[in-house]
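Visitor: The following block contains the structure, expressed as structure tokens.
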2 protein chains.
Amino acid sequence: MNSTAQDPWLLTPGPLTTSMATKEAMLHDWGSRDATFIETNQRVRDNLLKIAEAEGCHVCVPVQGSGTFAVEATIGTLLPRGGKALVLINGAYGKRMVKIIEYLGRTCTTLETPEDTPPSLEDLEETLSNDPHITHVLVVHCETTSGILNPIKAVADIVERHGRHLIIDAMSAFGAIALSAKDIRFDAVMASSNKCLEGVPGMGFSIIRQSVLEKCKGNAHSLSLDLHDQWVTMEETKQWRFTPPIHVIVAFDKAMEQFFEAGGVEGRFARYSNNRRVLVDGLREMGFETLLPDQLQAPIIVTIKMPADPAFDFQVFYDRLKDQGYIIYPGKLTVAPSFRIGCIGALDESHMNGALDVIRQTVADMGIKTGSPIAA
Amino acid sequence: MNSTAQDPWLLTPGPLTTSMATKEAMLHDWGSRDATFIETNQRVRDNLLKIAEAEGCHVCVPVQGSGTFAVEATIGTLLPRGGKALVLINGAYGKRMVKIIEYLGRTCTTLETPEDTPPSLEDLEETLSNDPHITHVLVVHCETTSGILNPIKAVADIVERHGRHLIIDAMSAFGAIALSAKDIRFDAVMASSNKCLEGVPGMGFSIIRQSVLEKCKGNAHSLSLDLHDQWVTMEETKQWRFTPPIHVIVAFDKAMEQFFEAGGVEGRFARYSNNRRVLVDGLREMGFETLLPDQLQAPIIVTIKMPADPAFDFQVFYDRLKDQGYIIYPGKLTVAPSFRIGCIGALDESHMNGALDVIRQTVADMGIKTGSPIAA
């Protein structure tokens, strides 16, 4: 029943292509009080801490829903009503954190750079020096808007030096790009089941410094998204407060088993980096231009500038690729017309080469001149 | 690969035993912008409206997470900051709605009856007459705390007569006990994928009167749980705002296909009612006493009074049943020691008889006198 063979390959920021073993783990029924499920849930939480090298100092609190639910739950639980957040923005996910804080009615300021530009460390330094009211700094590890890798270590060091709390949205990077609590001081890191750990969508999680979480009772704006209450109850009962997405969790456990077998963060980083190299080299060879210089490009998703040639109609291009089994992704940039191709999921070099072959043929069939992109 | 045969049967309030066809629907990967998935999502929403006979007047807004997420999202979106809720309580789920409203910082009053007693219609009438500030009445259709079926039609008629808004938590009854918008006037009904429609857990939904929802922009306390924003975006783009639990939704679609094939609400009510009859008759024959009289007992989950005989150790009883393939459920009552056995999920008379055989043998092996329950 190898139905993955018939499914198109997902070259997107997620949900991603997953292994058949991961999906087959869902072919059972479990009660939420079932001992096997409770063990599985504990193992998932333990393994997530292990991936962040955060055992001992942090705890892992899962939450139902998408990654945004985990981001909102973390902010709502950790940012007190009297706190003030500084959000570093260079894409849609930084902006989303601001939107969340606005919903919460809590105080927020921002530092924004263009989508192809990392946050300015000088401005961060200066802002923290000038505004002692800022209690929390929020940053996105890899902004999938552009695919840019933000300088998380440098940001964390500045925030630590100023004695503020750091919250990292590591959604699209967690498990593929090292983020160790031993190296980077953070209060919370959020991610979800369906990104680089290659599970199916339906749960997010937050890795939170225990000493911080212990003081967060009563902060949350929402019962469902109260991670303090979720954590306390889960520690006491080993169960979720409200019905867990059991099949998603069991699949996530199976996906993580494969993750460790394939060399953990190092193995995943190597495979995705190779995917990115093959993809970017092949696209450049065809004349496409990437948005980012190589040193800023995370091995997660590549933004390609839209060719100026009117023969390039993105929807036609997208549909032709899809018909041949490869799903790419539209652009989300405001700085320039673009599209995106992901290099994550249960895919390797052979899939990247397969995509390149199909792109090459499609470019030829459509008579596209790829040389000059639409100007920003 | 009929692994359900090896899984224990779940005689619980959910997550439930699901069919293998439902689980096998999850053996694929889809992008969230995928046309097949978008069609599936639309069909799920349309079918949920159809089940409630609410096409034309209401819309179906799904939300990631468990049923409680859907309850909180509905309350947060529909109850304005200046509104006042009256919650009818006769169990844990009524109390949970109060807790949600407290988190939201909105105004709330309650009418509480014991867990084995339906809400008093006289008190409801009087409370609404005396308090013109009450804008919304919140009630649970079937309280799984006890398994009691609340008189939803009578409540709805009173609320309508007083010109207030009605919100119904129909979590454990939706699809099995008729709740038609043609017959019962409601502003919102909430339920989830993993109850009587026999999907897997991971999404909830709310069926909301469109003319009401249209006026709810800006009410919500949470970005993730803002059903107005979720609805507007889904209507415009046909996509979820944030990553949907795709596998859960596709399984839900498959489960609903089977639901309609088996006669819809009528068919499900008939099968579950027969399950309950077989179960209750068999338990009474063994000397067990049910908490509720038959006319209050929904065909969802049966509460059984704990036998007073010290030979009855619930944990031992539970474990022995589990070892023989049947998972029952602990009690949640405050009025009396009890345990619960569900009659919902992809189960029929043969499973109920199987459970009864195992219970009969276990009672004999443990030397339990079932005759007199522990006094309340």
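If you're wondering about the labels, chains in the structure tokens are A, B, ... by order shown, residues count from 1 in each chain, ligands from 1 in order shown.
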Give me the residues within 12 Å of B:Thr370 as a PyMOL selection string, counting only C-alpha atoms and dropping any in the same chain fewer than 4 places off.
Guide: chain B and resi 283-290+304-313+359-360+362-364+366+374
Visitor: Write down, as an mmCIF file with N, CA and C atoms, in the first residue's frame, each residue of chain A that has any atom within 8 Å of an atom of chain B, counting only C-alpha atoms.
Guide:
```cif
data_model
loop_
_atom_site.group_PDB
_atom_site.id
_atom_site.type_symbol
_atom_site.label_atom_id
_atom_site.label_comp_id
_atom_site.auth_asym_id
_atom_site.auth_seq_id
_atom_site.Cartn_x
_atom_site.Cartn_y
_atom_site.Cartn_z
ATOM 1 N N SER A 3 1.157 4.211 -1.037
ATOM 2 C CA SER A 3 0.409 5.258 -1.720
ATOM 3 C C SER A 3 1.231 6.539 -1.872
ATOM 4 N N THR A 4 2.302 6.682 -1.073
ATOM 5 C CA THR A 4 3.137 7.878 -1.237
ATOM 6 C C THR A 4 3.665 7.967 -2.664
ATOM 7 N N ASP A 7 1.311 9.965 -4.525
ATOM 8 C CA ASP A 7 1.076 11.341 -4.093
ATOM 9 C C ASP A 7 2.145 12.251 -4.677
ATOM 10 N N PRO A 8 1.769 13.483 -5.024
ATOM 11 C CA PRO A 8 2.812 14.411 -5.482
ATOM 12 C C PRO A 8 3.801 14.716 -4.348
ATOM 13 N N LEU A 10 5.837 17.122 -2.036
ATOM 14 C CA LEU A 10 5.494 18.453 -1.528
ATOM 15 C C LEU A 10 6.755 19.284 -1.309
ATOM 16 N N THR A 12 7.267 22.341 -0.345
ATOM 17 C CA THR A 12 6.571 23.471 0.278
ATOM 18 C C THR A 12 7.137 23.692 1.682
ATOM 19 N N GLY A 14 5.486 23.139 4.246
ATOM 20 C CA GLY A 14 4.720 22.245 5.098
ATOM 21 C C GLY A 14 3.253 22.557 5.020
ATOM 22 N N PRO A 15 2.370 21.596 5.288
ATOM 23 C CA PRO A 15 2.661 20.184 5.554
ATOM 24 C C PRO A 15 3.495 19.546 4.433
ATOM 25 N N LEU A 16 4.310 18.575 4.819
ATOM 26 C CA LEU A 16 5.337 18.019 3.958
ATOM 27 C C LEU A 16 5.042 16.577 3.569
ATOM 28 N N THR A 17 5.881 16.083 2.683
ATOM 29 C CA THR A 17 5.872 14.655 2.399
ATOM 30 C C THR A 17 6.395 13.928 3.647
ATOM 31 N N THR A 18 5.649 12.911 4.083
ATOM 32 C CA THR A 18 6.080 12.119 5.240
ATOM 33 C C THR A 18 6.323 10.680 4.784
ATOM 34 N N MET A 20 5.972 6.554 4.710
ATOM 35 C CA MET A 20 4.822 5.661 4.862
ATOM 36 C C MET A 20 4.768 5.093 6.281
ATOM 37 N N LYS A 23 2.911 7.483 8.476
ATOM 38 C CA LYS A 23 1.458 7.482 8.252
ATOM 39 C C LYS A 23 0.828 6.175 8.759
ATOM 40 N N GLU A 24 1.504 5.068 8.539
ATOM 41 C CA GLU A 24 0.939 3.779 8.964
ATOM 42 C C GLU A 24 0.804 3.669 10.481
ATOM 43 N N MET A 26 -0.684 5.542 12.202
ATOM 44 C CA MET A 26 -2.018 6.058 12.553
ATOM 45 C C MET A 26 -3.135 5.040 12.354
ATOM 46 N N LEU A 27 -2.796 3.817 11.952
ATOM 47 C CA LEU A 27 -3.836 2.820 11.637
ATOM 48 C C LEU A 27 -4.368 2.085 12.871
ATOM 49 N N HIS A 28 -4.467 2.785 13.980
ATOM 50 C CA HIS A 28 -4.972 2.166 15.208
ATOM 51 C C HIS A 28 -5.900 3.126 15.931
ATOM 52 N N ASP A 29 -6.571 2.584 16.933
ATOM 53 C CA ASP A 29 -7.388 3.416 17.823
ATOM 54 C C ASP A 29 -6.832 3.312 19.238
ATOM 55 N N TRP A 30 -6.738 4.444 19.899
ATOM 56 C CA TRP A 30 -6.263 4.457 21.284
ATOM 57 C C TRP A 30 -7.216 5.309 22.116
ATOM 58 N N GLY A 31 -7.424 4.926 23.349
ATOM 59 C CA GLY A 31 -8.083 5.816 24.292
ATOM 60 C C GLY A 31 -7.053 6.818 24.790
ATOM 61 N N SER A 32 -7.523 8.003 25.196
ATOM 62 C CA SER A 32 -6.561 9.024 25.620
ATOM 63 C C SER A 32 -5.969 8.709 26.991
ATOM 64 N N GLN A 64 -2.630 21.308 21.225
ATOM 65 C CA GLN A 64 -3.420 20.957 20.045
ATOM 66 C C GLN A 64 -3.387 22.108 19.038
ATOM 67 N N GLY A 65 -3.494 21.787 17.751
ATOM 68 C CA GLY A 65 -3.607 22.818 16.731
ATOM 69 C C GLY A 65 -2.363 22.960 15.887
ATOM 70 N N SER A 66 -2.276 24.066 15.173
ATOM 71 C CA SER A 66 -1.144 24.315 14.287
ATOM 72 C C SER A 66 -0.031 25.012 15.055
ATOM 73 N N GLY A 67 1.063 25.280 14.355
ATOM 74 C CA GLY A 67 2.179 25.993 14.966
ATOM 75 C C GLY A 67 1.773 27.346 15.533
ATOM 76 N N THR A 68 0.886 28.049 14.843
ATOM 77 C CA THR A 68 0.444 29.359 15.337
ATOM 78 C C THR A 68 -0.220 29.239 16.703
ATOM 79 N N PHE A 69 -0.929 28.122 16.935
ATOM 80 C CA PHE A 69 -1.546 27.901 18.242
ATOM 81 C C PHE A 69 -0.444 27.819 19.319
ATOM 82 N N GLU A 72 0.940 31.397 19.823
ATOM 83 C CA GLU A 72 0.020 32.218 20.618
ATOM 84 C C GLU A 72 -0.033 31.741 22.073
ATOM 85 N N LYS A 99 0.497 40.556 15.656
ATOM 86 C CA LYS A 99 -0.963 40.444 15.589
ATOM 87 C C LYS A 99 -1.499 39.691 16.816
ATOM 88 N N ILE A 100 -0.811 38.634 17.192
ATOM 89 C CA ILE A 100 -1.216 37.871 18.377
ATOM 90 C C ILE A 100 -1.205 38.766 19.612
ATOM 91 N N TYR A 103 -4.133 41.066 19.699
ATOM 92 C CA TYR A 103 -5.336 40.358 20.162
ATOM 93 C C TYR A 103 -5.344 40.269 21.693
ATOM 94 N N LEU A 104 -4.160 40.011 22.256
ATOM 95 C CA LEU A 104 -4.051 39.834 23.702
ATOM 96 C C LEU A 104 -4.173 41.156 24.463
ATOM 97 N N VAL A 200 2.842 14.530 10.791
ATOM 98 C CA VAL A 200 1.669 15.112 10.142
ATOM 99 C C VAL A 200 1.171 16.292 10.986
ATOM 100 N N PRO A 201 0.418 17.219 10.371
ATOM 101 C CA PRO A 201 -0.001 18.407 11.119
ATOM 102 C C PRO A 201 -1.093 18.121 12.143
ATOM 103 N N GLY A 202 -1.140 18.925 13.207
ATOM 104 C CA GLY A 202 -2.190 18.787 14.220
ATOM 105 C C GLY A 202 -1.754 19.098 15.634
ATOM 106 N N MET A 203 -0.430 19.249 15.838
ATOM 107 C CA MET A 203 0.005 19.678 17.167
ATOM 108 C C MET A 203 1.237 20.576 17.072
ATOM 109 N N ALA A 220 -2.356 33.478 31.209
ATOM 110 C CA ALA A 220 -2.942 33.172 29.895
ATOM 111 C C ALA A 220 -4.298 33.828 29.684
ATOM 112 N N HIS A 221 -4.554 34.155 28.429
ATOM 113 C CA HIS A 221 -5.787 34.812 28.005
ATOM 114 C C HIS A 221 -6.835 33.790 27.604
ATOM 115 N N SER A 222 -6.464 32.506 27.597
ATOM 116 C CA SER A 222 -7.312 31.464 27.006
ATOM 117 C C SER A 222 -7.140 30.174 27.789
ATOM 118 N N LEU A 223 -8.242 29.499 28.069
ATOM 119 C CA LEU A 223 -8.156 28.194 28.730
ATOM 120 C C LEU A 223 -7.441 27.182 27.829
ATOM 121 N N SER A 224 -7.873 27.103 26.576
ATOM 122 C CA SER A 224 -7.319 26.103 25.664
ATOM 123 C C SER A 224 -5.825 26.313 25.448
ATOM 124 N N PHE A 242 -7.400 18.301 27.494
ATOM 125 C CA PHE A 242 -8.510 18.122 26.578
ATOM 126 C C PHE A 242 -8.077 17.121 25.515
ATOM 127 N N THR A 243 -9.056 16.484 24.866
ATOM 128 C CA THR A 243 -8.747 15.401 23.925
ATOM 129 C C THR A 243 -7.514 15.700 23.058
ATOM 130 N N PRO A 244 -6.492 14.863 23.158
ATOM 131 C CA PRO A 244 -5.304 15.071 22.328
ATOM 132 C C PRO A 244 -5.524 14.544 20.910
ATOM 133 N N PRO A 245 -4.785 15.108 19.936
ATOM 134 C CA PRO A 245 -4.851 14.584 18.572
ATOM 135 C C PRO A 245 -4.008 13.309 18.499
ATOM 136 N N ILE A 246 -4.572 12.220 19.030
ATOM 137 C CA ILE A 246 -3.786 11.007 19.303
ATOM 138 C C ILE A 246 -3.050 10.490 18.078
ATOM 139 N N HIS A 247 -3.745 10.403 16.948
ATOM 140 C CA HIS A 247 -3.103 9.837 15.756
ATOM 141 C C HIS A 247 -1.921 10.693 15.308
ATOM 142 N N VAL A 248 -2.082 12.003 15.432
ATOM 143 C CA VAL A 248 -0.998 12.930 15.072
ATOM 144 C C VAL A 248 0.207 12.709 15.989
ATOM 145 N N ILE A 327 4.730 19.626 -6.144
ATOM 146 C CA ILE A 327 3.986 20.795 -5.681
ATOM 147 C C ILE A 327 4.979 21.842 -5.182
#
```
Visitor: Enumerate the residues of stretch 137-193 of chain A with a DSSP assignment of strand (DSSP E), computed from the backbone, and present them as a PyMOL selection string.
Guide: chain A and resi 137-140+142-143+148-149+165-169+188-192
Visitor: Would you work out the distance separating atom CA of B:Asp253 from atom CA of B:Leu279, expressed in Å to one decimal?
Guide: 29.4 Å
Visitor: Would you please work out which residue, of A:Val335, A:Ile249, A:Val159, A:Leu124, is nearest to A:Thr36 when using only C-alpha atoms?
Guide: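 Using only C-alpha atoms, A:Thr36 sits closest to A:Ile249.
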Visitor: Enumerate the residues of stretch 133-170 of chain A with a DSSP assignment of helix (DSSP H, G or I), computed from the backbone, and present them as a list in words.
Guide: Ile152, Lys153, Ala154, Val155, Ala156, Asp157, Ile158, Val159, Glu160 and Arg161 of chain A
Visitor: I need the chosen residues saved as a compact mmCIF listing (two decimals), in the first residue's frame, with N, CA and C atoms.
Guide:
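The result, written out as result.txt:
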```txt
# COMPACT_ATOMS: atom_id res chain seq x y z
N ILE A 152 20.40 33.79 15.19
CA ILE A 152 19.74 33.54 16.47
C ILE A 152 20.70 33.60 17.65
N LYS A 153 21.94 33.13 17.43
CA LYS A 153 22.93 33.13 18.51
C LYS A 153 23.31 34.56 18.90
N ALA A 154 23.51 35.40 17.90
CA ALA A 154 23.89 36.79 18.17
C ALA A 154 22.74 37.53 18.86
N VAL A 155 21.51 37.27 18.40
CA VAL A 155 20.34 37.90 19.03
C VAL A 155 20.24 37.44 20.48
N ALA A 156 20.38 36.13 20.69
CA ALA A 156 20.24 35.57 22.05
C ALA A 156 21.29 36.16 22.99
N ASP A 157 22.51 36.33 22.50
CA ASP A 157 23.57 36.87 23.34
C ASP A 157 23.27 38.30 23.79
N ILE A 158 22.76 39.08 22.86
CA ILE A 158 22.41 40.48 23.20
C ILE A 158 21.27 40.49 24.23
N VAL A 159 20.25 39.68 23.98
CA VAL A 159 19.09 39.65 24.88
C VAL A 159 19.54 39.19 26.27
N GLU A 160 20.41 38.20 26.31
CA GLU A 160 20.90 37.70 27.60
C GLU A 160 21.70 38.78 28.32
N ARG A 161 22.57 39.47 27.60
CA ARG A 161 23.40 40.52 28.20
C ARG A 161 22.52 41.60 28.82
```
Visitor: Do a neighbour search on B:Ala298 at 9 Å with only C-alpha atoms, toss out local chain neighbours closer than 2 positions, and write the hits as an MDAnalysis selection string.
Guide: chainID B and resid 142:143 147:150 173 177 273 276 294:296 300:302
Visitor: Next, write the just-selected residues to a file, as a short mmCIF file (atom, residue, chain, number, x, y, z; two decimals), in the first residue's frame, keeping N, CA and C atoms as the atom set.
Guide:
```cif
data_model
loop_
_atom_site.label_atom_id
_atom_site.label_comp_id
_atom_site.auth_asym_id
_atom_site.auth_seq_id
_atom_site.Cartn_x
_atom_site.Cartn_y
_atom_site.Cartn_z
N CYS B 142 -25.76 16.74 25.51
CA CYS B 142 -25.63 15.52 26.33
C CYS B 142 -24.42 15.69 27.21
N GLU B 143 -24.62 15.73 28.52
CA GLU B 143 -23.51 15.88 29.47
C GLU B 143 -22.86 14.51 29.66
N GLY B 147 -23.97 11.28 31.29
CA GLY B 147 -24.65 10.68 30.14
C GLY B 147 -26.07 11.19 29.98
N ILE B 148 -26.41 12.24 30.72
CA ILE B 148 -27.78 12.76 30.71
C ILE B 148 -28.07 13.54 29.43
N LEU B 149 -29.28 13.39 28.92
CA LEU B 149 -29.72 14.14 27.75
C LEU B 149 -30.51 15.34 28.23
N ASN B 150 -30.03 16.53 27.95
CA ASN B 150 -30.74 17.72 28.39
C ASN B 150 -31.86 18.09 27.40
N ALA B 173 -23.07 14.46 21.28
CA ALA B 173 -24.36 14.00 20.74
C ALA B 173 -24.49 14.25 19.24
N ILE B 177 -27.90 12.27 17.87
CA ILE B 177 -29.19 12.71 18.41
C ILE B 177 -29.60 13.92 17.59
N SER B 273 -28.68 3.48 20.05
CA SER B 273 -29.77 3.19 20.98
C SER B 273 -29.84 1.69 21.25
N ARG B 276 -27.00 0.81 23.57
CA ARG B 276 -27.34 1.19 24.95
C ARG B 276 -28.32 0.19 25.56
N ASP B 294 -34.21 5.59 32.52
CA ASP B 294 -34.07 5.42 31.07
C ASP B 294 -34.45 6.66 30.26
N GLN B 295 -35.45 7.41 30.73
CA GLN B 295 -35.90 8.54 29.90
C GLN B 295 -34.90 9.70 29.90
N LEU B 296 -33.93 9.69 30.82
CA LEU B 296 -32.91 10.75 30.83
C LEU B 296 -31.59 10.27 30.22
N ILE B 300 -25.37 7.42 24.54
CA ILE B 300 -24.00 7.88 24.31
C ILE B 300 -23.06 7.18 25.28
N ILE B 301 -23.32 7.41 26.57
CA ILE B 301 -22.47 6.80 27.60
C ILE B 301 -23.33 6.57 28.84
N VAL B 302 -23.13 5.42 29.46
CA VAL B 302 -23.97 5.01 30.59
C VAL B 302 -23.14 5.09 31.88
#
```
Visitor: Go ahead and compute the interatomic distance for atom CA of B:Met256 and atom CA of B:Thr233, in Å to one decimal.
Guide: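 A separation of 24.3 Å between them.
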Visitor: From the list B:Tyr326, B:Ile368, B:Asp281, B:Leu138, which residue is nearest B:Phe314 when using only C-alpha atoms?
Guide: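 Between B:Tyr326, B:Ile368, B:Asp281, B:Leu138, the residue approaching B:Phe314 most closely is B:Ile368.
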Visitor: Residues at most 10 Å from B:Lys215, counting only C-alpha atoms, excluding those fewer than 3 positions away in the same chain, as an MDAnalysis selection string?
Guide: chainID B and resid 77:78 80 210:212 218:219 228
